[in-house]
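K.L.:
One structure is given below, represented as structure tokens, and several questions about it will come after.
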Amino acid sequence: MPTTHLLYLHGFRSSPQSVKARMTAAAVNERFPQVRWLCPMLPASPAQAIEELVQAVADWPQDSMAVMGSSLGGFYATWLAERFDCKAVLLNPAVHPARDLAAHIGQHELWHDPDQRFYFEPAFVDELLAQEVPRITRPQRYFALIAKGDELLDWQEMAGHYPGATIKLLDGGDHALSDYAQHLDEVLSFLDLA
């Protein structure tokens, strides 16, 4: 079934202004203007983020919606793909963010707008733990773009969490996927936008 509704989720300390989000939005808008695009600013609370996302897509057709996520957004995208049985594209997805972000309790500023700040509370670690997907079902619904050169996340852990999924492993690269433009067509092809 072609994708008619696409949800994009940014990562930790990121926003809808990220390079990958804007690049994807521009491509979808230009090539597939009929596709419904949503890229919300996610709250710091993982429980609140999931609650808002579930509400945002409540009236979307489950058989033709898809979700994309980068880093922490990839973690949320996995949770949503399992919940709604939809396609998911994951860009260097966080697998165990509760563990990884436990050392980041405190005040943070956004990468794309240092004037915007948020506080990452200890309770948010437990909220992330509660959302972990121990194993994926229906691996054919997933496409993961993973850089071996990711300086923040372990590429083997990322790849290992999605057995049977379509995985594109990049030699080198970085967490931001600085060469994302080279892979965008493949991402859009997997999504089969209509």
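Identifiers in this document derive from the order of the structure tokens: chains are assigned A, B, ..., residues are numbered from 1 separately in each chain, and ligands are numbered from 1 in order of occurrence.
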Please provide the set of residues having any atom within 9 Å of A:Phe124, restricted to only C-alpha atoms, with same-chain residues fewer than 5 positions apart removed, written as a list in words.
P.N.:
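Listing them by chain and then by number gives Ala44, Ser45, Pro46, Ala47, Ala98, Ala102, Ile105 and Leu129 of chain A.
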K.L.:
Go ahead and save the picked residues with C-alpha atoms, as a PDB file, in the first residue's frame.
P.N.:
```pdb
ATOM      1  CA  ALA A  44      11.154  16.738  26.420  1.00  0.00           C
ATOM      2  CA  SER A  45       8.963  14.221  28.276  1.00  0.00           C
ATOM      3  CA  PRO A  46       8.975  10.908  26.364  1.00  0.00           C
ATOM      4  CA  ALA A  47       5.564   9.956  27.801  1.00  0.00           C
ATOM      5  CA  ALA A  98      17.102   5.379  28.737  1.00  0.00           C
ATOM      6  CA  ALA A 102      20.705   8.873  31.911  1.00  0.00           C
ATOM      7  CA  ILE A 105      19.925  14.929  33.169  1.00  0.00           C
ATOM      8  CA  LEU A 129      12.453   2.567  29.735  1.00  0.00           C
TER       9      LEU A 129
END
```
K.L.:
Quick one: everything within 10 Å of stretch 92-96 of chain A, counting only C-alpha atoms, minus sequence neighbours fewer than 3 positions away in the same chain. Send it as a PDB file with N, CA and C atoms, in the first residue's frame.
P.N.:
```
ATOM      1  N   GLY A  11      15.421  14.118  16.651  1.00  0.00           N
ATOM      2  CA  GLY A  11      16.140  13.509  17.764  1.00  0.00           C
ATOM      3  C   GLY A  11      16.263  14.412  18.985  1.00  0.00           C
ATOM      4  N   PHE A  12      17.033  13.938  19.954  1.00  0.00           N
ATOM      5  CA  PHE A  12      17.274  14.651  21.211  1.00  0.00           C
ATOM      6  C   PHE A  12      18.018  15.956  20.917  1.00  0.00           C
ATOM      7  N   MET A  68       8.958   8.258  10.186  1.00  0.00           N
ATOM      8  CA  MET A  68      10.414   8.349  10.050  1.00  0.00           C
ATOM      9  C   MET A  68      10.953   8.945  11.330  1.00  0.00           C
ATOM     10  N   GLY A  69      12.154   8.518  11.738  1.00  0.00           N
ATOM     11  CA  GLY A  69      12.734   9.115  12.928  1.00  0.00           C
ATOM     12  C   GLY A  69      14.236   9.047  12.924  1.00  0.00           C
ATOM     13  N   SER A  70      14.848  10.086  13.466  1.00  0.00           N
ATOM     14  CA  SER A  70      16.295  10.174  13.572  1.00  0.00           C
ATOM     15  C   SER A  70      16.710  10.070  15.036  1.00  0.00           C
ATOM     16  N   SER A  71      17.643   9.176  15.345  1.00  0.00           N
ATOM     17  CA  SER A  71      18.179   9.020  16.690  1.00  0.00           C
ATOM     18  C   SER A  71      17.062   8.733  17.706  1.00  0.00           C
ATOM     19  N   LEU A  72      16.806   9.622  18.666  1.00  0.00           N
ATOM     20  CA  LEU A  72      15.708   9.400  19.612  1.00  0.00           C
ATOM     21  C   LEU A  72      14.377   9.335  18.855  1.00  0.00           C
ATOM     22  N   GLY A  73      14.256  10.096  17.786  1.00  0.00           N
ATOM     23  CA  GLY A  73      13.060  10.020  16.944  1.00  0.00           C
ATOM     24  C   GLY A  73      12.893   8.634  16.327  1.00  0.00           C
ATOM     25  N   GLY A  74      14.009   7.948  16.060  1.00  0.00           N
ATOM     26  CA  GLY A  74      13.958   6.581  15.544  1.00  0.00           C
ATOM     27  C   GLY A  74      13.428   5.609  16.591  1.00  0.00           C
ATOM     28  N   PHE A  75      13.761   5.876  17.846  1.00  0.00           N
ATOM     29  CA  PHE A  75      13.227   5.076  18.959  1.00  0.00           C
ATOM     30  C   PHE A  75      11.716   5.238  19.033  1.00  0.00           C
ATOM     31  N   TYR A  76      11.258   6.490  18.977  1.00  0.00           N
ATOM     32  CA  TYR A  76       9.810   6.750  18.986  1.00  0.00           C
ATOM     33  C   TYR A  76       9.139   6.145  17.742  1.00  0.00           C
ATOM     34  N   ALA A  77       9.803   6.256  16.598  1.00  0.00           N
ATOM     35  CA  ALA A  77       9.242   5.724  15.350  1.00  0.00           C
ATOM     36  C   ALA A  77       9.045   4.213  15.439  1.00  0.00           C
ATOM     37  N   THR A  78       9.987   3.533  16.085  1.00  0.00           N
ATOM     38  CA  THR A  78       9.871   2.082  16.254  1.00  0.00           C
ATOM     39  C   THR A  78       8.657   1.750  17.111  1.00  0.00           C
ATOM     40  N   VAL A  89      10.987   4.333   8.694  1.00  0.00           N
ATOM     41  CA  VAL A  89      12.360   4.594   8.261  1.00  0.00           C
ATOM     42  C   VAL A  89      13.104   5.135   9.466  1.00  0.00           C
ATOM     43  N   ARG A  99      19.239   4.274  28.835  1.00  0.00           N
ATOM     44  CA  ARG A  99      20.629   4.083  29.259  1.00  0.00           C
ATOM     45  C   ARG A  99      21.513   5.238  28.782  1.00  0.00           C
ATOM     46  N   ASP A 100      21.367   5.590  27.495  1.00  0.00           N
ATOM     47  CA  ASP A 100      22.255   6.591  26.899  1.00  0.00           C
ATOM     48  C   ASP A 100      22.024   8.001  27.429  1.00  0.00           C
ATOM     49  N   LEU A 101      20.770   8.327  27.757  1.00  0.00           N
ATOM     50  CA  LEU A 101      20.459   9.691  28.185  1.00  0.00           C
ATOM     51  C   LEU A 101      20.471   9.866  29.703  1.00  0.00           C
ATOM     52  N   LEU A 128      11.349   6.578  29.196  1.00  0.00           N
ATOM     53  CA  LEU A 128      11.976   5.935  28.044  1.00  0.00           C
ATOM     54  C   LEU A 128      12.044   4.418  28.234  1.00  0.00           C
ATOM     55  N   LEU A 129      12.394   4.007  29.440  1.00  0.00           N
ATOM     56  CA  LEU A 129      12.453   2.567  29.735  1.00  0.00           C
ATOM     57  C   LEU A 129      11.115   1.902  29.463  1.00  0.00           C
ATOM     58  N   GLN A 131       9.000   2.621  27.327  1.00  0.00           N
ATOM     59  CA  GLN A 131       8.664   2.606  25.899  1.00  0.00           C
ATOM     60  C   GLN A 131       9.554   1.682  25.074  1.00  0.00           C
ATOM     61  N   GLU A 132      10.541   1.053  25.702  1.00  0.00           N
ATOM     62  CA  GLU A 132      11.464   0.217  24.929  1.00  0.00           C
ATOM     63  C   GLU A 132      10.712  -0.929  24.255  1.00  0.00           C
ATOM     64  N   VAL A 133      11.064  -1.171  23.006  1.00  0.00           N
ATOM     65  CA  VAL A 133      10.515  -2.295  22.245  1.00  0.00           C
ATOM     66  C   VAL A 133      11.562  -3.401  22.305  1.00  0.00           C
ATOM     67  N   PRO A 134      11.297  -4.490  23.051  1.00  0.00           N
ATOM     68  CA  PRO A 134      12.319  -5.524  23.224  1.00  0.00           C
ATOM     69  C   PRO A 134      12.727  -6.174  21.910  1.00  0.00           C
ATOM     70  N   ALA A 144      16.334   0.818   7.840  1.00  0.00           N
ATOM     71  CA  ALA A 144      17.241   1.557   8.733  1.00  0.00           C
ATOM     72  C   ALA A 144      18.488   1.995   7.976  1.00  0.00           C
ATOM     73  N   LEU A 145      18.799   3.264   8.116  1.00  0.00           N
ATOM     74  CA  LEU A 145      20.019   3.840   7.557  1.00  0.00           C
ATOM     75  C   LEU A 145      20.965   4.050   8.732  1.00  0.00           C
ATOM     76  N   ILE A 146      22.072   3.291   8.741  1.00  0.00           N
ATOM     77  CA  ILE A 146      22.950   3.258   9.916  1.00  0.00           C
ATOM     78  C   ILE A 146      24.389   3.521   9.496  1.00  0.00           C
ATOM     79  N   ALA A 147      25.015   4.485  10.148  1.00  0.00           N
ATOM     80  CA  ALA A 147      26.408   4.834   9.846  1.00  0.00           C
ATOM     81  C   ALA A 147      27.351   4.141  10.821  1.00  0.00           C
ATOM     82  N   LYS A 148      28.305   3.398  10.290  1.00  0.00           N
ATOM     83  CA  LYS A 148      29.302   2.743  11.153  1.00  0.00           C
ATOM     84  C   LYS A 148      30.159   3.776  11.886  1.00  0.00           C
ATOM     85  N   ASP A 150      29.047   6.442  13.328  1.00  0.00           N
ATOM     86  CA  ASP A 150      28.254   7.195  14.317  1.00  0.00           C
ATOM     87  C   ASP A 150      29.070   7.340  15.599  1.00  0.00           C
ATOM     88  N   LEU A 152      28.045   8.677  18.415  1.00  0.00           N
ATOM     89  CA  LEU A 152      27.226   8.650  19.632  1.00  0.00           C
ATOM     90  C   LEU A 152      26.606   7.289  19.917  1.00  0.00           C
ATOM     91  N   LEU A 153      26.215   6.575  18.877  1.00  0.00           N
ATOM     92  CA  LEU A 153      25.522   5.298  19.049  1.00  0.00           C
ATOM     93  C   LEU A 153      26.303   4.167  18.387  1.00  0.00           C
ATOM     94  N   ASP A 154      26.196   2.967  18.948  1.00  0.00           N
ATOM     95  CA  ASP A 154      26.904   1.783  18.467  1.00  0.00           C
ATOM     96  C   ASP A 154      26.164   1.206  17.261  1.00  0.00           C
ATOM     97  N   TRP A 155      26.820   1.225  16.096  1.00  0.00           N
ATOM     98  CA  TRP A 155      26.151   0.771  14.880  1.00  0.00           C
ATOM     99  C   TRP A 155      25.746  -0.698  14.956  1.00  0.00           C
ATOM    100  N   GLU A 157      24.833  -2.343  17.654  1.00  0.00           N
ATOM    101  CA  GLU A 157      23.642  -2.425  18.491  1.00  0.00           C
ATOM    102  C   GLU A 157      22.404  -2.000  17.687  1.00  0.00           C
ATOM    103  N   MET A 158      22.554  -0.928  16.909  1.00  0.00           N
ATOM    104  CA  MET A 158      21.431  -0.461  16.081  1.00  0.00           C
ATOM    105  C   MET A 158      21.028  -1.543  15.087  1.00  0.00           C
ATOM    106  N   ALA A 159      21.987  -2.053  14.330  1.00  0.00           N
ATOM    107  CA  ALA A 159      21.688  -3.060  13.302  1.00  0.00           C
ATOM    108  C   ALA A 159      21.116  -4.329  13.944  1.00  0.00           C
ATOM    109  N   GLY A 160      21.660  -4.712  15.088  1.00  0.00           N
ATOM    110  CA  GLY A 160      21.216  -5.932  15.755  1.00  0.00           C
ATOM    111  C   GLY A 160      19.798  -5.872  16.286  1.00  0.00           C
ATOM    112  N   HIS A 161      19.297  -4.654  16.492  1.00  0.00           N
ATOM    113  CA  HIS A 161      17.953  -4.488  17.037  1.00  0.00           C
ATOM    114  C   HIS A 161      16.870  -4.669  15.964  1.00  0.00           C
ATOM    115  N   TYR A 162      17.287  -4.693  14.695  1.00  0.00           N
ATOM    116  CA  TYR A 162      16.327  -4.778  13.591  1.00  0.00           C
ATOM    117  C   TYR A 162      16.620  -5.986  12.690  1.00  0.00           C
ATOM    118  N   LEU A 169      23.903  -0.154   5.664  1.00  0.00           N
ATOM    119  CA  LEU A 169      25.033   0.181   6.531  1.00  0.00           C
ATOM    120  C   LEU A 169      26.005   1.057   5.760  1.00  0.00           C
ATOM    121  N   ASP A 174      28.520   9.660  10.022  1.00  0.00           N
ATOM    122  CA  ASP A 174      28.478  10.236  11.370  1.00  0.00           C
ATOM    123  C   ASP A 174      27.045  10.175  11.892  1.00  0.00           C
ATOM    124  N   HIS A 175      26.867  10.582  13.153  1.00  0.00           N
ATOM    125  CA  HIS A 175      25.545  10.495  13.763  1.00  0.00           C
ATOM    126  C   HIS A 175      24.530  11.375  13.034  1.00  0.00           C
ATOM    127  N   ALA A 176      24.977  12.514  12.547  1.00  0.00           N
ATOM    128  CA  ALA A 176      24.080  13.453  11.859  1.00  0.00           C
ATOM    129  C   ALA A 176      23.718  12.989  10.448  1.00  0.00           C
ATOM    130  N   LEU A 177      24.394  11.921   9.964  1.00  0.00           N
ATOM    131  CA  LEU A 177      24.226  11.474   8.573  1.00  0.00           C
ATOM    132  C   LEU A 177      24.420  12.659   7.627  1.00  0.00           C
TER     133      LEU A 177
END
```
K.L.:
Could you check the closest approach to A:Ile167 for each of A:Pro122, A:Glu127, A:Leu90, A:Glu51 and tell me which residue wins, using only C-alpha atoms?
P.N.:
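The closest residue to A:Ile167 is A:Leu90.
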K.L.:
Do you know which residues are at most 10 Å from stretch 2-4 of chain A counting only C-alpha atoms, after dropping those on the same chain fewer than 2 positions away, and could you put them as a list in words?
P.N.:
Leu6, Phe32, Gln34, Val35, Arg36, Trp37, Trp60, Pro61, Gln62, Asp63, Ser64, Met65, Ala66, Val67, Cys86, Lys87, Leu188, Phe190, Leu191, Asp192, Leu193 and Ala194 of chain A
K.L.:
Tell me, in Å to one decimal, how far atom CA of A:Leu91 is from atom CA of A:Lys20.
P.N.:
9.4 Å
K.L.:
Check the DSSP output for the backbone and give back, as a short mmCIF file (atom, residue, chain, number, x, y, z; two decimals) with C-alpha atoms, in the first residue's frame, the residues of stretch 5-165 of chain A in helix (DSSP H, G or I).
P.N.:
```
data_model
loop_
_atom_site.label_atom_id
_atom_site.label_comp_id
_atom_site.auth_asym_id
_atom_site.auth_seq_id
_atom_site.Cartn_x
_atom_site.Cartn_y
_atom_site.Cartn_z
CA VAL A 19 18.83 19.45 8.11
CA LYS A 20 17.37 15.97 7.55
CA ALA A 21 13.84 17.03 8.50
CA ARG A 22 13.93 20.07 6.20
CA MET A 23 15.52 18.12 3.35
CA THR A 24 12.90 15.37 3.60
CA ALA A 25 10.05 17.89 3.90
CA ALA A 26 11.24 19.74 0.79
CA ALA A 27 11.52 16.53 -1.25
CA VAL A 28 8.11 15.25 -0.17
CA ASN A 29 6.47 18.63 -0.80
CA GLU A 30 8.06 18.99 -4.23
CA ARG A 31 7.63 15.42 -5.52
CA PRO A 46 8.98 10.91 26.36
CA ALA A 47 5.56 9.96 27.80
CA GLN A 48 4.10 13.27 26.68
CA ALA A 49 5.78 12.95 23.28
CA ILE A 50 4.23 9.52 22.67
CA GLU A 51 0.84 10.68 23.92
CA GLU A 52 0.88 13.71 21.57
CA LEU A 53 2.04 11.60 18.62
CA VAL A 54 -0.65 8.97 19.13
CA GLN A 55 -3.26 11.75 19.21
CA ALA A 56 -1.74 13.46 16.13
CA GLN A 62 -3.08 2.89 9.40
CA ASP A 63 -2.64 0.95 6.17
CA SER A 64 -1.12 3.92 4.33
CA LEU A 72 15.71 9.40 19.61
CA GLY A 73 13.06 10.02 16.94
CA GLY A 74 13.96 6.58 15.54
CA PHE A 75 13.23 5.08 18.96
CA TYR A 76 9.81 6.75 18.99
CA ALA A 77 9.24 5.72 15.35
CA THR A 78 9.87 2.08 16.25
CA TRP A 79 7.34 2.27 19.09
CA LEU A 80 4.76 3.84 16.74
CA ALA A 81 5.43 1.35 13.93
CA GLU A 82 4.75 -1.50 16.34
CA ARG A 83 1.64 0.21 17.70
CA PHE A 84 0.14 1.14 14.32
CA PRO A 97 17.95 5.85 25.05
CA ALA A 98 17.10 5.38 28.74
CA ARG A 99 20.63 4.08 29.26
CA ASP A 100 22.25 6.59 26.90
CA LEU A 101 20.46 9.69 28.18
CA ALA A 102 20.71 8.87 31.91
CA ALA A 103 23.97 10.86 31.94
CA HIS A 104 22.26 13.88 30.37
CA PRO A 122 15.35 12.06 35.90
CA ALA A 123 11.76 10.81 35.51
CA PHE A 124 12.19 10.94 31.73
CA VAL A 125 14.67 8.04 31.92
CA ASP A 126 11.94 5.83 33.40
CA GLU A 127 9.51 7.03 30.73
CA LEU A 128 11.98 5.93 28.04
CA LEU A 129 12.45 2.57 29.73
CA ALA A 130 8.70 2.01 29.68
CA GLN A 131 8.66 2.61 25.90
CA PRO A 139 10.80 -6.66 10.03
CA GLN A 140 9.71 -6.01 6.43
CA ARG A 141 8.05 -2.79 7.61
CA TRP A 155 26.15 0.77 14.88
CA GLN A 156 26.22 -2.95 15.76
CA GLU A 157 23.64 -2.43 18.49
CA MET A 158 21.43 -0.46 16.08
CA ALA A 159 21.69 -3.06 13.30
CA GLY A 160 21.22 -5.93 15.76
#
```
K.L.:
If I take atom CA of A:His5 and atom CA of A:Ser189, how far is one from the other in Å, to one decimal?
P.N.:
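These two atoms are separated by 14.6 Å.
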K.L.:
Which is closer to A:Ala88 than all the others in A:Val187, A:Ala58, A:Met41, A:Leu170, using only C-alpha atoms?
P.N.:
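Checking each of A:Val187, A:Ala58, A:Met41, A:Leu170 against A:Ala88, counting only C-alpha atoms, the winner is A:Val187.
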K.L.:
Would you mind telling me which residue in A:Asp85, A:Ser15, A:Thr166, A:Tyr180 lies nearest to A:Glu109 when using only C-alpha atoms?
P.N.:
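Under the stated criterion, the closest residue is A:Ser15.
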